[in-house]
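These notes are about the structure you will find just below.
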Amino acid sequence: MLDETALEKLKEKFGTVLKLTSDDQLTTAFCKKPSFTTFLKYQNKYKENPHDAILFLFQECVLEKEIYEDEFMLSAGNSIIEIIKKDSEFAIDATPQKDEFKKSAALIRNAFQVDPYQLSMDEFYKLLEEALWLQKHTETRLESTFITAFAKTFSN
């Protein structure tokens, strides 16, 4: 179990640190949120073998390399997946399209000049929401500019 100082250092390094505990409170694991690249690897593995994919996700996110029981790792992996689902909910336009992640990554890369594949999932979705707002705002501004230009052109 980590002491408070070690936990603070992990929070500085990884941002959000998840504390996942077994039902009997005997097993605890501290995990980071997965990066976008890790999540894509998880999705690819999930198509072939969901059990191994969940174990992979847990092992990629756990911060203390200890031996955990399979049942705990599966439960903790499922908890991480639920957290990702909550992170992916945002208000602008949550309608999934084909290649949603690639399009979203391109939008984030263009708006913020960061590598979206290195972001944690919560940060990825926060930046996506902001990028979508910026895109909508830019389109509204452009529309207003065209309306003004047409009004000036055709008013003479």
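Labeling convention for the structure tokens: chains A, B, ... as they appear, residues from 1 per chain, ligands from 1 in order of appearance.
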
Write out as number ranges by chain each polymer residue whose atoms come within 12 Å of Leu127 of chain A, counting only C-alpha atoms; drop sequence neighbours fewer than 5 positions from it. A: 87-88, 90, 104-116, 119-122, 132-134

Please provide as a count of residues only all residues within 10 Å of segment 46-63 of chain A, with the sequence filter that same-chain residues fewer than 2 positions apart are discarded (counting only C-alpha atoms). 35

Using backbone DSSP assignments, extract all strand (DSSP E or B) residues from chain A; output them as a PyMOL selection string. chain A and resi 17-21+28-32+35+62+120

Write out as a ChimeraX atom specification all residues of segment 3-155 of chain A that DSSP puts in helix (DSSP H, G or I) for this structure's backbone. /A:4-14,36-48,50-61,70-87,100-112,116-118,121-154

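Take atom CA of Gln135 of chain A and atom CA of Lys103 of chain A: the distance between them is 13.1 Å.
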